[in-house]
>>> print(open('query.txt').read())   # compact mmCIF, C-alpha atoms
# COMPACT_ATOMS: atom_id res chain seq x y z
CA MET A 91 -73.36 60.66 -9.84
CA ARG A 92 -76.01 58.13 -10.72
CA LYS A 93 -76.74 57.37 -14.35
CA SER A 94 -80.38 57.52 -15.37
CA VAL A 95 -80.84 54.20 -17.18
CA ASP A 96 -83.83 51.97 -17.71
CA LEU A 97 -82.10 48.74 -16.69
CA LYS A 98 -85.08 46.56 -17.52
CA THR A 99 -84.99 47.72 -21.14
CA PHE A 100 -81.22 47.93 -21.43
CA PHE A 101 -80.44 44.59 -19.77
CA LYS A 102 -83.41 42.35 -19.05
CA SER A 103 -81.84 40.25 -16.39
CA ALA A 104 -79.96 43.03 -14.63
CA SER A 105 -82.21 42.93 -11.62
CA LEU A 106 -79.81 42.46 -8.75
CA ILE A 107 -77.74 45.33 -7.44
CA VAL A 108 -75.58 45.11 -4.37
CA CYS A 109 -74.29 48.39 -2.99
CA PHE A 110 -71.61 48.78 -0.40
CA ALA A 111 -71.56 51.97 1.65
CA CYS A 112 -68.18 52.38 3.24
CA CYS A 113 -67.74 55.21 5.70
CA ALA A 114 -64.14 55.95 6.64
CA ARG A 115 -64.02 58.96 8.97
CA ASN A 116 -61.25 61.49 8.54
CA ILE A 117 -60.09 63.87 11.25
CA ASN A 118 -62.92 66.29 10.44
CA GLY A 119 -65.55 63.58 10.79
CA GLN A 120 -66.40 63.64 7.08
CA THR A 121 -67.40 60.53 5.15
CA THR A 122 -65.16 59.33 2.32
CA GLU A 123 -66.85 57.77 -0.69
CA PHE A 124 -65.14 54.84 -2.42
CA VAL A 125 -65.27 54.86 -6.22
CA PHE A 126 -64.60 51.80 -8.41
CA HIS A 127 -63.34 52.38 -11.96
CA ASN A 128 -60.58 51.54 -14.47
CA SER A 129 -60.04 47.95 -13.32
CA SER A 130 -57.17 45.80 -14.59
CA LEU A 131 -56.21 42.16 -14.10
CA GLU A 132 -53.61 41.97 -11.34
CA SER A 133 -52.94 38.23 -11.41
CA GLY A 134 -54.46 34.90 -12.44
CA THR A 135 -56.60 33.88 -15.40
CA PRO A 136 -59.44 36.28 -16.30
CA GLY A 137 -62.74 35.05 -14.88
CA ALA A 138 -61.18 32.05 -13.09
CA ASN A 139 -61.11 31.31 -9.38
CA GLY A 140 -58.17 33.14 -7.83
CA ALA A 141 -58.17 35.93 -10.42
CA VAL A 142 -57.38 39.30 -8.82
CA TYR A 143 -58.45 42.64 -10.28
CA ARG A 144 -57.13 46.00 -9.10
CA PHE A 145 -59.32 49.10 -8.95
CA PRO A 146 -56.94 52.05 -8.54
CA LEU A 147 -57.56 55.01 -6.28
CA VAL A 148 -60.95 54.14 -4.85
CA THR A 149 -59.95 57.06 -2.63
CA ASN A 150 -56.91 59.32 -2.80
CA ASP A 151 -54.88 56.82 -0.79
CA LEU A 152 -56.45 53.39 -1.34
CA ASP A 153 -56.87 50.81 -4.08
CA ALA A 154 -59.28 47.87 -4.01
CA LEU A 155 -58.33 44.31 -4.95
CA VAL A 156 -61.26 42.15 -6.03
CA THR A 157 -60.62 38.39 -5.97
CA ILE A 158 -62.88 35.66 -7.34
CA THR A 159 -62.78 33.28 -4.37
CA GLY A 160 -65.14 30.57 -5.62
CA ARG A 161 -68.26 29.46 -7.48
CA SER A 162 -70.86 26.73 -7.12
CA SER A 163 -69.86 24.93 -10.34
CA SER A 164 -68.15 25.38 -13.69
CA LEU A 165 -71.55 26.40 -15.08
CA VAL A 166 -71.11 29.79 -13.39
CA THR A 167 -68.94 32.15 -15.44
CA LEU A 168 -67.86 35.77 -15.26
CA ALA A 169 -69.02 37.79 -18.25
CA SER A 170 -67.51 41.07 -17.05
CA ILE A 171 -65.68 42.11 -13.90
CA ASP A 172 -67.11 45.64 -14.12
CA LEU A 173 -69.88 46.87 -16.42
CA THR A 174 -69.44 50.55 -17.24
CA ASN A 175 -72.30 51.20 -19.68
CA THR A 176 -75.19 50.77 -17.24
CA GLY A 177 -76.13 51.03 -13.60
CA PHE A 178 -74.10 53.20 -11.25
CA GLU A 179 -70.85 54.63 -12.60
CA LYS A 180 -69.08 54.76 -9.24
CA ALA A 181 -69.88 51.15 -8.37
CA PHE A 182 -68.16 47.79 -8.73
CA GLN A 183 -70.48 46.00 -11.20
CA PRO A 184 -69.71 42.38 -12.11
CA GLN A 185 -71.85 40.52 -14.65
CA VAL A 186 -72.25 36.82 -13.90
CA SER A 187 -73.79 34.08 -16.06
CA PHE A 188 -75.72 31.31 -14.29
CA THR A 189 -76.40 28.37 -16.59
CA TYR A 190 -78.49 25.36 -15.58
CA ASP A 191 -78.02 22.13 -17.56
CA ASN A 192 -79.95 18.87 -17.42
CA TYR A 193 -78.14 17.92 -14.20
CA TYR A 194 -78.32 21.32 -12.50
CA SER A 195 -81.95 21.90 -13.46
CA SER A 196 -82.70 23.35 -10.05
CA GLY A 197 -81.01 24.59 -6.91
CA SER A 198 -78.62 27.42 -6.12
CA GLN A 199 -75.73 28.70 -8.19
CA TRP A 200 -73.34 31.41 -7.04
CA MET A 201 -70.06 33.28 -7.47
CA GLU A 202 -68.11 34.69 -4.55
CA PHE A 203 -65.95 37.83 -4.43
CA GLN A 204 -63.60 39.21 -1.81
CA ILE A 205 -63.14 42.98 -1.91
CA SER A 206 -59.91 43.99 -0.16
CA PHE A 207 -58.87 47.56 0.60
CA VAL A 208 -55.13 48.18 0.29
CA GLN A 209 -52.75 51.11 0.30
CA LYS A 210 -52.40 52.46 -3.22
CA ASN A 211 -49.99 50.64 -5.54
CA THR A 212 -49.42 47.94 -2.89
CA VAL A 213 -51.04 44.83 -1.43
CA ILE A 214 -50.79 46.17 2.14
CA PRO A 215 -54.24 45.88 3.82
CA PHE A 216 -55.97 48.98 5.19
CA SER A 217 -58.48 48.66 8.03
CA ILE A 218 -61.69 50.68 7.60
CA PRO A 219 -63.74 51.71 10.68
CA THR A 220 -67.21 51.21 9.20
CA VAL A 221 -68.52 49.54 6.04
CA GLU A 222 -72.21 49.46 5.12
CA ALA A 223 -73.29 47.08 2.38
CA THR A 224 -76.70 47.71 0.87
CA ALA A 225 -78.17 45.05 -1.40
CA LEU A 226 -80.78 46.45 -3.77
CA ASP A 227 -83.52 44.80 -5.80
CA ILE A 228 -83.17 41.25 -4.48
CA ASP A 229 -86.13 39.82 -6.40
CA GLY A 230 -86.94 37.21 -9.04
CA ASP A 231 -87.84 36.66 -12.69
CA ASN A 232 -91.63 36.32 -12.13
CA LYS A 233 -91.31 32.61 -13.02
CA ASN A 234 -89.07 30.14 -11.23
CA LEU A 235 -85.95 32.02 -10.11
CA ASN A 236 -85.10 34.19 -7.14
CA GLU A 237 -81.89 36.00 -6.25
CA TRP A 238 -80.00 36.01 -2.97
CA ASP A 239 -76.97 37.63 -1.35
CA ALA A 240 -74.77 36.19 1.38
CA PHE A 241 -72.60 38.45 3.56
CA TYR A 242 -69.98 37.09 5.94
CA GLY A 243 -68.87 38.50 9.28
CA PRO A 244 -71.23 41.50 9.66
CA SER A 245 -71.89 43.30 12.94
CA SER A 246 -75.53 44.20 12.18
CA TYR A 247 -78.08 44.48 9.39
CA THR A 248 -81.11 46.63 8.60
CA LEU A 249 -84.36 45.62 6.90
CA GLU A 250 -87.56 47.46 6.10
CA ALA A 251 -90.37 46.65 8.53
CA ASN A 252 -92.40 45.04 5.72
CA SER A 253 -89.42 43.40 4.05
CA ALA A 254 -90.04 40.79 1.35
CA LEU A 255 -86.68 39.17 2.10
CA GLN A 256 -86.12 35.98 4.06
CA VAL A 257 -83.02 35.83 6.25
CA ASN A 258 -81.00 32.67 6.94
CA ASN A 259 -78.07 32.15 9.30
CA LEU A 260 -74.80 30.98 7.75
CA THR A 261 -71.97 29.01 9.32
CA SER A 262 -68.36 28.32 8.33
CA PRO A 263 -67.93 31.22 8.04
CA ALA A 264 -70.71 32.93 9.98
CA GLY A 265 -72.94 35.37 8.16
CA LYS A 266 -76.40 36.13 6.80
CA GLN A 267 -78.09 35.14 3.55
CA PHE A 268 -80.93 37.32 2.24
CA ASN A 269 -83.30 35.51 -0.11
CA GLY A 270 -85.54 37.49 -2.45
CA PRO A 271 -89.00 36.56 -3.74
CA THR A 272 -89.63 35.10 -7.20
CA LEU A 273 -91.70 38.21 -7.91
CA GLY A 274 -89.85 40.66 -10.15
CA TYR A 275 -89.97 44.30 -9.07
CA GLY A 276 -88.65 45.70 -12.36
CA GLY A 277 -85.59 47.89 -12.73
CA VAL A 278 -83.35 49.14 -9.94
CA ASP A 279 -85.01 51.56 -7.57
CA THR A 280 -83.53 52.65 -4.26
CA THR A 281 -87.00 53.55 -2.98
CA VAL A 282 -88.17 49.92 -3.13
CA THR A 283 -86.88 49.19 0.34
CA THR A 284 -88.92 45.98 0.72
CA VAL A 285 -86.29 44.16 -1.36
CA MET A 286 -83.25 45.90 0.16
CA THR A 287 -81.02 45.25 3.13
CA THR A 288 -78.06 47.12 4.60
CA ILE A 289 -75.19 45.19 6.20
CA ASN A 290 -72.84 46.88 8.67
CA TYR A 291 -69.20 45.89 9.28
CA LYS A 292 -66.74 47.25 11.84
CA ASN A 293 -62.95 47.62 11.50
CA ILE A 294 -62.32 45.44 8.49
CA SER A 295 -59.92 45.49 5.54
CA ASN A 296 -61.97 43.19 3.29
CA VAL A 297 -65.56 42.12 2.64
CA THR A 298 -66.68 38.80 1.17
CA VAL A 299 -70.01 38.58 -0.64
CA ARG A 300 -71.55 35.57 -2.38
CA MET A 301 -74.05 36.49 -5.10
CA GLY A 302 -76.41 33.81 -6.33
CA CYS A 303 -79.68 32.60 -7.77
CA THR A 304 -82.00 29.74 -6.85
CA ALA A 305 -83.98 28.24 -9.72
CA THR A 306 -86.63 25.56 -10.04
CA ASN A 307 -87.00 23.44 -13.19
CA THR A 308 -85.01 25.52 -15.62
CA THR A 309 -82.12 24.83 -17.98
CA ALA A 310 -80.87 28.35 -18.69
CA THR A 311 -80.99 31.85 -17.28
CA ASP A 312 -79.87 35.20 -18.65
CA PRO A 313 -76.74 36.80 -17.13
CA ARG A 314 -77.33 38.75 -13.95
CA MET A 315 -75.76 42.10 -13.22
CA PHE A 316 -74.56 42.93 -9.72
CA SER A 317 -73.42 46.30 -8.46
CA VAL A 318 -71.35 47.08 -5.38
CA TRP A 319 -71.80 50.76 -4.61
CA PHE A 320 -70.28 52.58 -1.65
CA LYS A 321 -73.35 54.47 -0.56
CA SER A 322 -76.06 53.97 2.09
CA PHE A 323 -79.83 54.42 1.83
CA ALA A 324 -82.67 55.44 4.13
CA TYR A 325 -85.55 53.14 5.11
CA ILE A 326 -89.13 54.17 5.85
CA ALA A 327 -89.47 51.97 8.93
CA PRO A 328 -86.04 50.42 9.52
CA ILE A 329 -85.43 47.45 11.78
CA THR A 330 -81.77 47.09 12.74
CA LEU A 331 -80.69 43.83 14.36
CA PRO A 332 -77.23 43.58 15.92
CA ILE A 333 -75.10 40.55 15.12
CA LYS A 334 -73.83 40.28 18.66
CA LEU A 335 -73.02 36.56 18.71
CA THR A 336 -69.36 36.04 17.79
CA ASP A 337 -68.87 32.38 18.78
CA PHE A 338 -71.02 29.37 19.64
CA THR A 339 -69.67 25.87 20.27
CA ALA A 340 -71.06 22.61 21.61
CA ASN A 341 -68.72 19.92 22.93
CA TYR A 342 -69.32 16.53 24.49
CA ALA A 343 -67.66 16.52 27.93
CA LYS A 344 -68.89 13.05 28.87
CA PRO A 345 -71.40 12.64 30.45
CA ASN A 346 -72.55 16.25 29.79
CA VAL A 347 -72.67 18.68 26.86
CA LEU A 348 -70.85 21.97 27.39
CA LEU A 349 -72.18 24.93 25.40
CA LYS A 350 -70.06 28.08 25.10
CA TRP A 351 -70.77 31.34 23.32
CA SER A 352 -69.59 34.96 23.26
CA THR A 353 -71.00 38.35 22.36
CA SER A 354 -69.13 41.40 21.12
CA GLN A 355 -71.90 43.88 21.90
CA GLU A 356 -75.28 43.94 23.61
CA HIS A 357 -77.80 46.78 23.33
CA ASN A 358 -81.40 46.55 24.61
CA PHE A 359 -80.76 42.83 25.03
CA SER A 360 -82.69 40.61 27.45
CA HIS A 361 -81.78 36.91 27.45
CA PHE A 362 -80.77 33.73 25.63
CA ILE A 363 -83.02 30.69 25.42
CA ILE A 364 -81.09 27.46 24.87
CA GLU A 365 -83.18 25.21 22.65
CA ARG A 366 -82.63 21.48 22.13
CA SER A 367 -83.88 19.01 19.53
CA THR A 368 -83.46 15.36 18.63
CA ASP A 369 -84.53 15.70 14.98
CA GLY A 370 -83.17 19.13 14.00
CA GLU A 371 -86.68 20.47 13.33
CA ASN A 372 -88.70 20.46 16.56
CA PHE A 373 -86.89 22.43 19.28
CA ASN A 374 -87.81 22.74 22.96
CA GLN A 375 -86.50 25.09 25.64
CA ALA A 376 -83.70 23.58 27.72
CA ALA A 377 -82.54 26.59 29.72
CA LEU A 378 -82.62 30.40 30.00
CA VAL A 379 -79.52 32.59 30.45
CA PHE A 380 -79.82 36.34 31.06
CA GLY A 381 -77.60 38.73 29.11
CA ALA A 382 -75.76 41.84 30.22
CA GLY A 383 -78.31 44.13 28.54
CA GLU A 384 -75.86 46.88 27.56
CA SER A 385 -72.24 46.20 26.64
CA ASP A 386 -69.65 46.99 23.98
CA THR A 387 -67.06 44.52 25.24
CA LYS A 388 -66.71 40.78 24.81
CA ILE A 389 -68.79 38.69 27.21
CA ASP A 390 -68.42 34.91 27.51
CA TYR A 391 -71.30 32.60 28.40
CA SER A 392 -71.58 28.88 29.07
CA TYR A 393 -74.14 26.26 29.98
CA ASN A 394 -73.57 22.65 31.03
CA ASP A 395 -76.42 20.44 29.82
CA LYS A 396 -76.71 17.52 32.23
CA ASP A 397 -80.19 16.45 31.14
CA LEU A 398 -79.00 13.77 28.69
CA LYS A 399 -80.56 10.66 30.17
CA GLY A 400 -82.16 8.66 27.37
CA ARG A 401 -80.97 11.16 24.75
CA GLY A 402 -78.62 8.95 22.73
CA GLY A 403 -77.79 9.59 19.09
CA VAL A 404 -77.64 13.15 17.73
CA ILE A 405 -78.71 16.21 19.73
CA TYR A 406 -79.18 19.63 18.10
CA TYR A 407 -78.70 22.92 19.96
CA ARG A 408 -79.42 26.53 19.05
CA LEU A 409 -79.63 29.89 20.85
CA LYS A 410 -82.69 32.10 20.70
CA GLN A 411 -81.50 35.67 21.28
CA VAL A 412 -84.30 37.83 22.70
CA ASP A 413 -84.24 41.65 22.92
CA ILE A 414 -86.09 43.70 25.53
CA ASP A 415 -88.84 44.57 23.03
CA GLY A 416 -89.48 40.87 22.36
CA THR A 417 -87.82 40.64 18.94
CA PHE A 418 -85.59 37.61 18.57
CA ARG A 419 -83.24 35.80 16.23
CA TYR A 420 -81.68 32.35 16.15
CA SER A 421 -78.07 31.30 16.11
CA SER A 422 -76.74 28.61 13.82
CA VAL A 423 -77.39 25.04 14.94
CA ARG A 424 -74.73 22.93 16.68
CA LEU A 425 -74.76 19.14 16.79
CA ILE A 426 -73.54 16.61 19.34
CA ARG A 427 -73.28 12.83 18.92
CA ILE A 428 -73.87 11.02 22.19
CA GLY A 429 -71.92 7.78 22.49
CA ASP A 430 -68.51 6.45 23.33
CA GLU A 431 -65.82 9.09 23.49
CA GLU A 432 -63.65 9.22 20.40
CA THR A 433 -59.95 8.87 21.23
CA SER A 434 -58.28 7.98 17.91
CA MET A 435 -57.33 10.37 15.12
CA THR A 436 -60.34 9.46 12.98
CA LEU A 437 -63.32 11.37 11.66
CA THR A 438 -66.92 10.25 11.56
CA THR A 439 -69.00 11.66 8.70
CA PHE A 440 -72.77 11.38 8.43
CA PRO A 441 -75.07 10.96 6.70
CA ASN A 442 -73.18 8.93 4.12
CA PRO A 443 -74.31 9.08 1.31
CA VAL A 444 -75.21 12.75 1.78
CA ALA A 445 -77.46 15.13 -0.18
CA THR A 446 -77.05 18.61 1.34
CA ASP A 447 -75.16 18.95 4.65
CA LEU A 448 -72.28 16.71 5.72
CA ARG A 449 -71.69 16.44 9.47
CA ILE A 450 -68.15 15.75 10.67
CA THR A 451 -67.62 14.45 14.21
CA LEU A 452 -64.11 15.20 15.43
CA PRO A 453 -61.78 13.37 17.80
CA SER A 454 -62.31 14.57 21.36
CA SER A 455 -58.84 16.13 21.58
CA TRP A 456 -59.62 18.34 18.56
CA GLN A 457 -62.56 20.16 20.13
CA ASN A 458 -62.14 23.93 20.68
CA LYS A 459 -59.22 24.06 18.22
CA HIS A 460 -58.64 25.98 15.00
CA LEU A 461 -59.36 23.71 12.03
CA GLN A 462 -58.99 23.75 8.27
CA ILE A 463 -61.43 21.55 6.38
CA ASP A 464 -60.53 20.70 2.77
CA LEU A 465 -62.84 18.96 0.33
CA TYR A 466 -61.36 16.97 -2.59
CA ASN A 467 -62.93 15.14 -5.50
CA VAL A 468 -61.95 11.59 -6.46
CA ASN A 469 -59.17 12.98 -8.70
CA GLY A 470 -57.52 14.73 -5.80
CA GLN A 471 -58.55 18.25 -6.87
CA LEU A 472 -59.41 20.75 -4.13
CA VAL A 473 -63.11 21.63 -4.42
CA ASN A 474 -63.68 23.83 -1.37
CA ARG A 475 -62.10 24.92 1.89
CA TRP A 476 -63.48 26.04 5.25
CA ASP A 477 -61.68 27.75 8.12
CA ILE A 478 -63.13 27.00 11.58
CA GLY A 479 -61.91 29.32 14.31
CA ASN A 480 -63.12 27.38 17.36
CA SER A 481 -64.41 23.91 16.60
CA SER A 482 -67.38 22.13 18.12
CA GLN A 483 -67.58 18.36 18.52
CA THR A 484 -69.50 18.11 15.25
CA GLU A 485 -69.09 20.57 12.37
CA SER A 486 -71.38 20.85 9.34
CA ILE A 487 -70.41 21.76 5.77
CA SER A 488 -72.70 22.30 2.79
CA VAL A 489 -72.22 19.92 -0.17
CA ALA A 490 -75.53 20.71 -1.90
CA SER A 491 -73.84 22.16 -5.00
CA LEU A 492 -71.56 19.15 -5.60
CA GLN A 493 -72.15 16.76 -8.46
CA LYS A 494 -72.84 13.13 -7.59
CA GLY A 495 -69.76 11.08 -6.88
CA ILE A 496 -67.08 10.15 -4.36
CA TYR A 497 -65.31 12.85 -2.34
CA PHE A 498 -62.78 13.08 0.47
CA VAL A 499 -62.88 15.46 3.42
CA ARG A 500 -59.54 16.28 5.06
CA VAL A 501 -59.34 18.04 8.42
CA ASN A 502 -56.19 19.56 9.88
CA ASN A 503 -55.85 21.04 13.38
CA GLY A 504 -52.38 22.49 12.85
CA SER A 505 -50.43 19.44 13.98
CA GLU A 506 -52.62 16.45 13.09
CA THR A 507 -54.60 15.46 10.02
CA ALA A 508 -57.47 13.05 9.47
CA LYS A 509 -59.26 12.08 6.27
CA GLN A 510 -62.60 10.42 5.44
CA ARG A 511 -64.39 9.40 2.27
CA PHE A 512 -68.07 10.05 1.55
CA VAL A 513 -70.55 9.76 -1.31
CA LYS A 514 -72.63 12.67 -2.64
CA ASN A 515 -75.99 11.48 -3.97
>>> encode(input="query.txt", output="structure tokens")
Amino acid sequence: MRKSVDLKTFFKSASLIVCFACCARNINGQTTEFVFHNSSLESGTPGANGAVYRFPLVTNDLDALVTITGRSSSLVTLASIDLTNTGFEKAFQPQVSFTYDNYYSSGSQWMEFQISFVQKNTVIPFSIPTVEATALDIDGDNKNLNEWDAFYGPSSYTLEANSALQVNNLTSPAGKQFNGPTLGYGGVDTTVTTVMTTINYKNISNVTVRMGCTATNTTATDPRMFSVWFKSFAYIAPITLPIKLTDFTANYAKPNVLLKWSTSQEHNFSHFIIERSTDGENFNQAALVFGAGESDTKIDYSYNDKDLKGRGGVIYYRLKQVDIDGTFRYSSVRLIRIGDEETSMTLTTFPNPVATDLRITLPSSWQNKHLQIDLYNVNGQLVNRWDIGNSSQTESISVASLQKGIYFVRVNNGSETAKQRFVKN
């Protein structure tokens, strides 16, 4: 049951609601609703990274464990793991404070949560056939702040035809970020589909969502309320785009560049256009590869780029995925450094100093391997961690939220480790 509450009056900054619709089919084909209530701290320090909260009996047989997996800086704090006096009573509703000081006067701040479904009274994971995550009211404060939501590992997403949201590709891990306008739409209204999106997952036991704000020239913001509600919504003119690309790597097989990618499903799909750039901004078509068109099984693709004469330095690659009706979407960008083959166990990081994205060129023997990338500050404290399932020659990690200073990046491939220092400016 939805509470009838004027959120704008009750809580001025409670403008972002994220709703998860999780559909687990029973033997009769009915949909089970997941209800979040009566949370308690399972382990860790309240509000700190690593804190785990248990929500009992989200169904008759399942609990949910919500873990704070990270935040952009210590300026981001948890005010409440679950607000119960506003919003939607069946939803998971964290309240997060985003504070901007003289140093962080602009840019993005965020907190990340992992929602894991487990058998009741245990920590044993339970796989759910279908999860739909609907983010509501992704808007702004009518001044200099806009909200955004990042979802990792989805299979598809739905937008309204006249959506006000901008969609960005995410890497490490792969996902989608939905950026709202600075315009405030006022209150929480499930009929305002222009600032909504629905994310679909298949056969998962946990969902990770990063909830954030991007501000320009501000020193403080009011707390923001988020709501994760297991319920889906209808769109007037929906556009559903499948996330069919499951893997995309680029490796330097001297003297050529070998591109490999895979799809998990293809429906009404036409072809891939391989695009190449030398500056990361202006891309040109390098090749065209036709898709299967209709498939629900994994399909592997590859392309060997031999046209590298006079293309020294850094080369950027991306895939343009084109459907039969002409709609298209881009993959994340992969980088290759053309030069002498790297044989030692060393890393090359660039640019250095770095402002936003650090590129890490790996030893040649590490390509196509599973990697763990750890980021440490000068005091040896772990700042962030990335898990790369199938590495390219050059991987990219975001360091935009770091404070200025000296950091170390450590990469491990399971049997070997390499470390490099860089400066964040």
>>> residues_around(input="query.txt", residues="Phe188 of chain A", least_positions_apart="4", cutoff="8 Å", atoms="only C-alpha atoms", output="list in words")
Leu165, Val166, Thr167, Gln199, Trp200, Cys303, Ala310, Thr311, Asp312, Pro313 and Arg314 of chain A
>>> closest_residue(input="query.txt", among="A:Leu152, A:Ala181, A:Leu465, A:Val444", to="Ala490 of chain A", atoms="all atoms listed in the file")
A:Val444
>>> closest_residue(input="query.txt", among="A:Lys210, A:Trp238, A:Gln457, A:Asn480", to="Ser352 of chain A", atoms="all atoms listed in the file")
A:Asn480
>>> closest_residue(input="query.txt", among="A:Ser421, A:Ser455, A:Ser491, A:Ser322", to="Ser163 of chain A", atoms="all atoms listed in the file")
A:Ser491
>>> atom_distance(input="query.txt", atom1="atom CA of Glu179 of chain A", atom2="atom CA of Phe207 of chain A")
19.2 Å
>>> closest_residue(input="query.txt", among="A:Phe316, A:Phe268, A:Tyr242, A:Phe126", to="Leu168 of chain A", atoms="all atoms listed in the file")
A:Phe316
>>> residues_near_point(input="query.txt", point="(-85.8, 35.0, -7.6)", cutoff="6 Å", atoms="all atoms listed in the file", output="PyMOL selection string")
chain A and resi 229-231+235-237+270-272
>>> residues_around(input="query.txt", residues="Leu349 of chain A", least_positions_apart="5", cutoff="6 Å", atoms="only C-alpha atoms", output="list in words")
Thr339, Ala340, Ser392 and Tyr393 of chain A
>>> atom_distance(input="query.txt", atom1="atom CA of Gln471 of chain A", atom2="atom CA of Arg449 of chain A")
21.0 Å
>>> residues_around(input="query.txt", residues="Leu425 of chain A", least_positions_apart="6", cutoff="9 Å", atoms="only C-alpha atoms", output="PyMOL selection string")
chain A and resi 340-341+370+404-407+449+451+482-486
>>> write_last_selection(input="query.txt", atoms="C-alpha atoms", output="compact mmCIF listing (two decimals), in the coordinates of the input")
# COMPACT_ATOMS: atom_id res chain seq x y z
CA ALA A 340 -71.06 22.61 21.61
CA ASN A 341 -68.72 19.92 22.93
CA GLY A 370 -83.17 19.13 14.00
CA VAL A 404 -77.64 13.15 17.73
CA ILE A 405 -78.71 16.21 19.73
CA TYR A 406 -79.18 19.63 18.10
CA TYR A 407 -78.70 22.92 19.96
CA ARG A 449 -71.69 16.44 9.47
CA THR A 451 -67.62 14.45 14.21
CA SER A 482 -67.38 22.13 18.12
CA GLN A 483 -67.58 18.36 18.52
CA THR A 484 -69.50 18.11 15.25
CA GLU A 485 -69.09 20.57 12.37
CA SER A 486 -71.38 20.85 9.34
>>> axis_aligned_box(input="query.txt", around="segment 202-206 of chain A", padding_each_side="6 Å", output="AutoDock Vina command-line options")
--center_x -64.0 --center_y 39.3 --center_z -2.4 --size_x 20.2 --size_y 21.3 --size_z 16.4
>>> atom_distance(input="query.txt", atom1="atom CA of Gly140 of chain A", atom2="atom CA of Ile205 of chain A")
12.5 Å
>>> closest_residue(input="query.txt", among="A:Pro136, A:Pro453, A:Gly504, A:Gly479", to="Thr439 of chain A", atoms="all atoms listed in the file")
A:Pro453
